[in-house]
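Structure first, commentary second.
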Amino acid sequence: MTINMQTVISNMRALKSQGVTYSMSGSRTGADGTADCSGAVYASLNAAGANLPLGNTDSLFTDLPKLGFSKVGPPYAYGDVFIFGIQGQSSGAAGHTGVFVDDKKIIHCNYGSNGVSINNFDTVKKNDGNPPFTVFRLAGQTATADATKETNTKENMDNSGAIEEYSYIGNKLCIKGWHFASDLTTAASGSSNNVAGAVDWNNVQSRAQFFISICLELGIPKNTALALAANAFTESSLDPSALEPMESSGAQGKGYFQWSYAYNWGEVPKHMSRSYDDAKYQIGWAKSQKSQWITKGYGSWAEFWKGTKSPSDLTMAWLMSWERPARATDRWSAFTKVVNVDSLDFGGSSSGGSTFDQNAKEIMEIFDATTDTKLKTVSIELKKRADIKEQNTDVEGVEWSGIDVCLTFENPNPFYVQFVRVKSDGTRKTLSLQVLFFPHSSSRTIIGKDYSNDCNFLIVCTDKNGKNQFINQILGGLSWSLEANEIPSCSFTVPINEADKFDGHMDCKVIVFGKMFDGIVKSITLNKDEETALIELDHKISEWDYRQIPNNYTVKNQTFPSVFCQSPFLYSTDWYVNTDGQAQKEKINYAFSRQGHLEAVTKAVSLTDDIWWRVGTRYERFLEIGAFGEKKNYILSETGQTERHLRIIGDISISKQFDDVFNVATVYGEKSDSSQASLTLREAYLDQQQQGHDIIAGFPIVILNPTANKEQKNYYTNITKIASNNSLEYAILDEFSINLEQGKLIEKTISMNDVAPFEENGKTISDEERAKQSRIAYNAAIKRLKSARRHDEIQVQIGALPTDINVLDKVYFDYHNSIELFDKCSRYCKKIYEASDDFYITKIETSFNEYLVETNTLTLSKELHRDGSDN
């Protein structure tokens, strides 16, 4: 048994070109448009002559040796088959397989690409967690240069291509790539396989062009050819292999013209395939049957073949004089409804059988990914690609496949593109691409409507087409809560007959007397007994996590507005992102990787000393990033009658939190055998010493232990500029927390693996870069220390809250006449708290009762703090 690995890879490429999608529950071989990794390999092996029953990844361990494969080590070569997993344990999702196309790249059907793709083998292996793997090679193949050379043909390269580079910044969309589609093959004697193979038998336009090309070669005039095509379309849908149902008399029509009696068949039954020769035989034989023609007032046999009348008249002449049905029908109109006659090529044919189709054109179609609506069609001028030709030397015309286009384009929703080669016969070769473009423009510049001026109650549901539906009745009250770095939520109950106005992930605004909760429907719970529906919303900021940052996307020395107001971190151009002065100065240095956009914002602010994010109740799709802490001119008190007094209407509660307190942080980073990627506070410590004062007041770096790293072996690289000092250990003190805890030092180790120095574009990590990351780790550790302090939370209840107050704002809290705070605090603590009566608002819980009367519970804190989940 001889297996041709070129055919194996050609079949894999064909599956890729056909756009098969990944599925383990379908045919698995591409037969139904879906395949999985092992099914694609088995189908490709069988296409090359293997004749194996369909197996799985694990069965390849035994099936490949039966075909003459044996295990090999690197270097790997064209045609080698790899298997991830251990024999006996690699079936289903536990294994993976594919074929090498050279010594570094593989072609494989995979979940990540939702189909067949070509990727770097080492990258795929790393992304799969570096599983154990085995590579098999067919006997007779070697890892030489010749064996790694890829050879393709016109047939297996047909409709191949890829997007190689793209950018979508602002309103500028630029795409580079290639799309190869075989040239039109026209009718020529002796070239039946090529010509028939060029016909798309699922496309009537292509069938019509095939029929017309044969007519022209037989010397049939244009209008007569069209008349014959219109009749053949009605009789057989332009299929030379068509067979009509058997009549009761035993008559059965066959071929293009479907005659009803056996003595009219001639040799047609022997020529009923979709080959060029058989199709030509049927048309030529019909032309020879003059005795079948009986003049019925539509012209003579000779006049029909002259073709001087219109195609419509000649269609009727053939129908009534040659076909002779019981009644006349308009076959020409039926034909032109499905065939674009103007797109048919009547330019004749070339004896060579294969010519470059000068009339073909390449277009790019852009579709909205949420509705599949076509947004734009762009004509593409194909560029010469010598590199594609070099890779595929045996493929005629492949060099004219390059695409390099830039255009002005904007769309608020995700979109996708497809390249289409429109042939002169109207047929289309569509390259379906698994590339989704997200809105990568800048955030909107207009802040939008201020809902603090809307003094009414209304719930507005907006569907994907922008259509609004309104609800103005709820049962009971509604409520929501706001916190920094948290997704707010809201819930309310409506009559069950209003439930159909809501749907999952639908935009939903709750407008209530100067406040607006900007939400997305999270859940709908129907209560049939009570005839009610509970609606739960998340704030629209939650949609930021619908999309993820690309793999290993590094940000170096950029500010918050430059990162989160544009590609690829901004969710969409519908958002207004506001940054204060501190956020505009703070620099981000971090390697993001497959994090949700909101997760990325939260991570970025957690690596700073004083930056947060928040949303509010005044503007739609409005995100703020900054240090905040603005002092608002309001007084929280139990007395006072001015418009600036916010009257406390309930009991005041105080919560003293001592859990998880620590005030000495020892920082470690990622370890490796050479410690070259390790993080250290050494550089930050030296910077502190050189300045002669603390980097940040109250957080000195100290040498904690004189002897550290005792376990380090002598084979570890000792580079003091890079690795932790071999004999010193550094820690950060929180002087304020130490005083709060009566002078007790409470130590904790903090791992800062994800802020270790990282490479970008292969550049060596410099000493300056390591020092910068050391400072980032220092700042992040201070945040952790602040969040680990004891803290006191005060809760007060008031009535309506002014619309210009939000979480992280400061207000004056007049508590002296009602309670004695911090009575158990140290003298140092009292001094700090008595210095000012300004408190941060860290949480706002808003509720409206059944009469829509507003109350708010405010949580106050002297200092801002985070919990450990932010870091």
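Chain lettering (A, B, ...) mirrors the order of the structure tokens, residue numbering begins at 1 for each chain separately, and ligand numbering begins at 1 in order of display.
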Set the distance at 9 Å and use only C-alpha atoms: which residues neighbour Val796 of chain A once local chain neighbours fewer than 4 positions away are removed? I'd like the list as a list in words.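 The residues satisfying every condition are Leu636, Ile648, Ile649, Gly650, Asp651, Ile652, Ser653, Asn856, Thr857, Leu858, Thr859 and Leu860 of chain A.
Nearest-residue note for Leu407 of chain A: choosing from A:Leu173, A:Ala14, A:Leu864, A:Ala386, the minimum distance belongs to A:Leu173, counting only C-alpha atoms.
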Pick from A:Val512, A:Ala181, A:Ile220, A:Leu228, whichever lies nearest to Val398 of chain A using only C-alpha atoms: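 For Val398 of chain A, the nearest of the candidates is A:Ala181.
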Choose the residue, out of A:Ile635, A:Cys406, A:Ala780, A:Ala684, that has the smallest atom-to-atom separation from Ile588 of chain A; count only C-alpha atoms. A:Ala780
Mind checking which residues fall within 9 Å of segment 523-536 of chain A, counting only C-alpha atoms, ignoring those fewer than 6 positions away in the same chain, and posting them as a PDB file with N, CA and C atoms, in the first residue's frame?
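Final file, part20.pdb:
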ATOM      1  N   LEU A 475     -43.727  46.350  40.456  1.00  0.00           N
ATOM      2  CA  LEU A 475     -44.416  45.845  41.641  1.00  0.00           C
ATOM      3  C   LEU A 475     -43.433  45.850  42.798  1.00  0.00           C
ATOM      4  N   SER A 489     -25.240  46.228  40.219  1.00  0.00           N
ATOM      5  CA  SER A 489     -26.381  45.428  39.808  1.00  0.00           C
ATOM      6  C   SER A 489     -27.663  46.089  40.278  1.00  0.00           C
ATOM      7  N   CYS A 490     -28.776  45.722  39.623  1.00  0.00           N
ATOM      8  CA  CYS A 490     -30.068  46.318  39.925  1.00  0.00           C
ATOM      9  C   CYS A 490     -31.137  45.248  39.740  1.00  0.00           C
ATOM     10  N   SER A 491     -32.210  45.291  40.526  1.00  0.00           N
ATOM     11  CA  SER A 491     -33.298  44.321  40.370  1.00  0.00           C
ATOM     12  C   SER A 491     -34.638  44.989  40.644  1.00  0.00           C
ATOM     13  N   PHE A 492     -35.676  44.471  39.990  1.00  0.00           N
ATOM     14  CA  PHE A 492     -37.039  44.965  40.190  1.00  0.00           C
ATOM     15  C   PHE A 492     -38.005  43.918  39.647  1.00  0.00           C
ATOM     16  N   THR A 493     -39.272  44.058  39.989  1.00  0.00           N
ATOM     17  CA  THR A 493     -40.308  43.123  39.568  1.00  0.00           C
ATOM     18  C   THR A 493     -41.355  43.847  38.745  1.00  0.00           C
ATOM     19  N   VAL A 494     -41.775  43.220  37.642  1.00  0.00           N
ATOM     20  CA  VAL A 494     -42.800  43.801  36.765  1.00  0.00           C
ATOM     21  C   VAL A 494     -43.924  42.782  36.599  1.00  0.00           C
ATOM     22  N   PRO A 495     -45.123  43.228  36.155  1.00  0.00           N
ATOM     23  CA  PRO A 495     -46.184  42.268  35.829  1.00  0.00           C
ATOM     24  C   PRO A 495     -45.722  41.312  34.740  1.00  0.00           C
ATOM     25  N   ILE A 496     -46.177  40.068  34.790  1.00  0.00           N
ATOM     26  CA  ILE A 496     -45.673  39.045  33.874  1.00  0.00           C
ATOM     27  C   ILE A 496     -45.965  39.371  32.421  1.00  0.00           C
ATOM     28  N   ASN A 497     -47.021  40.150  32.166  1.00  0.00           N
ATOM     29  CA  ASN A 497     -47.337  40.499  30.777  1.00  0.00           C
ATOM     30  C   ASN A 497     -46.338  41.493  30.182  1.00  0.00           C
ATOM     31  N   GLU A 498     -45.456  42.054  31.020  1.00  0.00           N
ATOM     32  CA  GLU A 498     -44.411  42.956  30.537  1.00  0.00           C
ATOM     33  C   GLU A 498     -43.098  42.217  30.289  1.00  0.00           C
ATOM     34  N   ALA A 499     -43.042  40.934  30.663  1.00  0.00           N
ATOM     35  CA  ALA A 499     -41.769  40.203  30.620  1.00  0.00           C
ATOM     36  C   ALA A 499     -41.237  40.049  29.210  1.00  0.00           C
ATOM     37  N   PHE A 502     -38.387  42.181  27.720  1.00  0.00           N
ATOM     38  CA  PHE A 502     -37.003  41.988  28.156  1.00  0.00           C
ATOM     39  C   PHE A 502     -36.424  40.750  27.490  1.00  0.00           C
ATOM     40  N   ASP A 503     -35.113  40.758  27.281  1.00  0.00           N
ATOM     41  CA  ASP A 503     -34.425  39.587  26.749  1.00  0.00           C
ATOM     42  C   ASP A 503     -32.987  39.616  27.238  1.00  0.00           C
ATOM     43  N   GLY A 504     -32.351  38.459  27.251  1.00  0.00           N
ATOM     44  CA  GLY A 504     -30.981  38.372  27.748  1.00  0.00           C
ATOM     45  C   GLY A 504     -30.019  39.280  27.007  1.00  0.00           C
ATOM     46  N   HIS A 505     -29.157  39.984  27.748  1.00  0.00           N
ATOM     47  CA  HIS A 505     -28.134  40.887  27.228  1.00  0.00           C
ATOM     48  C   HIS A 505     -28.720  42.098  26.505  1.00  0.00           C
TER      49      HIS A 505
END
For Cys461 of chain A: contacts at 6 Å, only C-alpha atoms, fewer than 5 positions along chain excluded, given as a list of chain:residue names: A:Asn468, A:Gln469, A:Asp507, A:Cys508
Same residues, N, CA and C atoms, output as a compact mmCIF listing (two decimals), in the first residue's frame:
# COMPACT_ATOMS: atom_id res chain seq x y z
N ASN A 468 -36.98 50.78 20.79
CA ASN A 468 -37.23 50.92 22.22
C ASN A 468 -38.63 50.42 22.59
N GLN A 469 -38.72 49.78 23.74
CA GLN A 469 -40.00 49.48 24.36
C GLN A 469 -39.97 50.03 25.78
N ASP A 507 -30.03 45.89 26.20
CA ASP A 507 -29.81 47.16 26.88
C ASP A 507 -31.09 47.56 27.61
N CYS A 508 -30.94 48.01 28.86
CA CYS A 508 -32.11 48.38 29.66
C CYS A 508 -31.73 49.51 30.60
Given only C-alpha atoms as the basis, pick out the residue of A:Ile511, A:Arg790, A:Phe210, A:Lys172 nearest to Ser655 of chain A.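 Among the listed residues, A:Arg790 lies closest to Ser655 of chain A.
Distances from A:Leu801, A:Ala591, A:Ala77, A:Ala328 to Gly514 of chain A were compared using only C-alpha atoms, and the smallest one belongs to A:Leu801.
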As a ChimeraX atom specification, which residues of segment 39-249 of chain A does DSSP assign to helix (DSSP H, G or I)? /A:39-47,60-66,92-94,121-127,145-148,154-157,192-197,204-217,222-236
Extract the full set of strand (DSSP E) residues from segment 59-276 of chain A according to DSSP on the backbone, and format it as number ranges by chain. A: 69-72, 81-84, 96-100, 105-110, 115-120, 133-138, 160-169, 172-180
Write out as a list in words each polymer residue whose atoms come within 7 Å of segment 662-667 of chain A, counting only C-alpha atoms; drop sequence neighbours fewer than 5 positions from it.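 The residues satisfying every condition are Tyr730, Ala731, Ile732, Leu733, Asp734, Ser737, Ile738, Leu745, Ile746, Glu747, Lys748, Thr749, Ile750, Ser751, Met752, Leu785, Ala788 and Arg789 of chain A.
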Do you know which residues are at most 10 Å from Ser167 of chain A counting only C-alpha atoms, after dropping those on the same chain fewer than 3 positions away, and could you put them as JSON, numbers by chain? {"A": [170, 172, 173, 174, 175, 176, 406, 437, 440, 567]}
